[in-house]
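Heads up, the thing below is written out as structure tokens.
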Amino acid sequence: MSGNITFTIIKPFAVSNGHVGPILNKIHTAGFKISAMRMLWLTKGEAKIFYAVHKDRPFYMDLVEFMTSGPIVVAVLKKENAVEDFRKLIGSTDPEKADEGTIRKEFAESMRANAVHGSDSDKNANFEASFFFSGLQRF
Ligand code: CMP
């Protein structure tokens with residue numbers, strides 16, 4: 001059975017280019033409720049742990065560099081079928097392949113600066129949400 005939460009990051013360039021409001025508006029319009037949200041600046045150590053699943057990929061250190069280049073906004077989003085529906089809303093990881101109307105089509109600059117992250121499974125959504133929000137938080 002699919003869960004009802006997913007986790008997102010609005011990435012550095014999207015934050016510094018003033019896209020937080022428009023992206024949150026699209027998320028809201030698509031029917032997601034924000035259960036938790038905060039703005040922060042990741043340290044290299046935190047980013048390495050968060051993205052450890054990619055540690056053997058060639059883009060790992062570049063990803064860590066980019067994700068620590070400025071403030072990000074992290075949020076837990078609630079909706080039925082949250083993981084799958086949010087991945088449809090954000091579009092393909094590569095913005096050149098993202099469908100019209102998706103968040104990445106509209107706001108991403110490149111594969112590296114692809115505006116937003118979205119969890120790819122219920123298990124990862126729970127891990128990622130717990131990474132940034134305390135166990136006492138109710139989603
Ligand atoms: P995201 O889904 O947030 O998580 C991993 C990130 O790595 C991904 O978004 C991309 O921004 C980034 N990335 C950079 N290069 C690649 C690549 N070649 N394949 C997949 N992800 C990449």
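Letters for chains follow the order of the structure tokens (A, B, ...), residue numbers begin at 1 for each chain, and ligand numbers begin at 1 in the order shown.
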Using only C-alpha atoms and all ligand atoms, find each protein or nucleic acid residue lying at most 12 Å from ligand 1; present the set as a ChimeraX atom specification.
/A:7-13,47-48,50-67,72,74,86-87,90-95,104,108-121,124,128
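Within range 4-106 of chain A, DSSP applied to the backbone places the following residues in strand (DSSP E or B): A:Ile5, A:Thr6, A:Phe7, A:Thr8, A:Ile9, A:Ile10, A:Lys33, A:Ile34, A:Ser35, A:Ala36, A:Met37, A:Arg38, A:Met39, A:Leu40, A:Ile72, A:Val73, A:Val74, A:Ala75, A:Val76, A:Leu77, A:Lys78.
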Pick from A:Met39, A:Ile49, A:Leu77, A:Ile5: nearest to Asn126 in chain A, with only C-alpha atoms counted?
A:Ile5
Produce a table with one row for each residue of range 82-111 of chain A that has an atom at most 10 Å from any atom of range 25-30 of chain A, each row naming the nearest atom pair and its distance in Å at one decimal; use only C-alpha atoms; arrange rows by chain and rising residue number; format as a tab-separated table.
residue	atom	partner	partner_atom	distance
A:Asp85	CA	A:Ala30	CA	8.8
A:Phe86	CA	A:Ile27	CA	8.3
A:Leu89	CA	A:Ala30	CA	7.7
A:Ile90	CA	A:Ile27	CA	9.2
A:Gly101	CA	A:Lys26	CA	9.6
A:Thr102	CA	A:Lys26	CA	9.0
A:Ile103	CA	A:Lys26	CA	7.6
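Our summary of the geometry notes that CA of Asn4 in chain A is positioned 9.3 Å from CA of Phe139 in chain A.
CA of Phe132 in chain A sits 22.4 Å away from CA of Gly18 in chain A.
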DSSP on the backbone: what in range 61-138 of chain A comes out alpha helix (DSSP H), as number ranges by chain?
A: 61-67, 82-90, 103-107, 122-132
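Across the model, the gap from CA of Lys97 in chain A to CA of Gly70 in chain A is 25.8 Å.
Closest approach to Val73 in chain A among A:Lys88, A:Lys105, A:Lys44, A:Arg38: A:Arg38, based on only C-alpha atoms.
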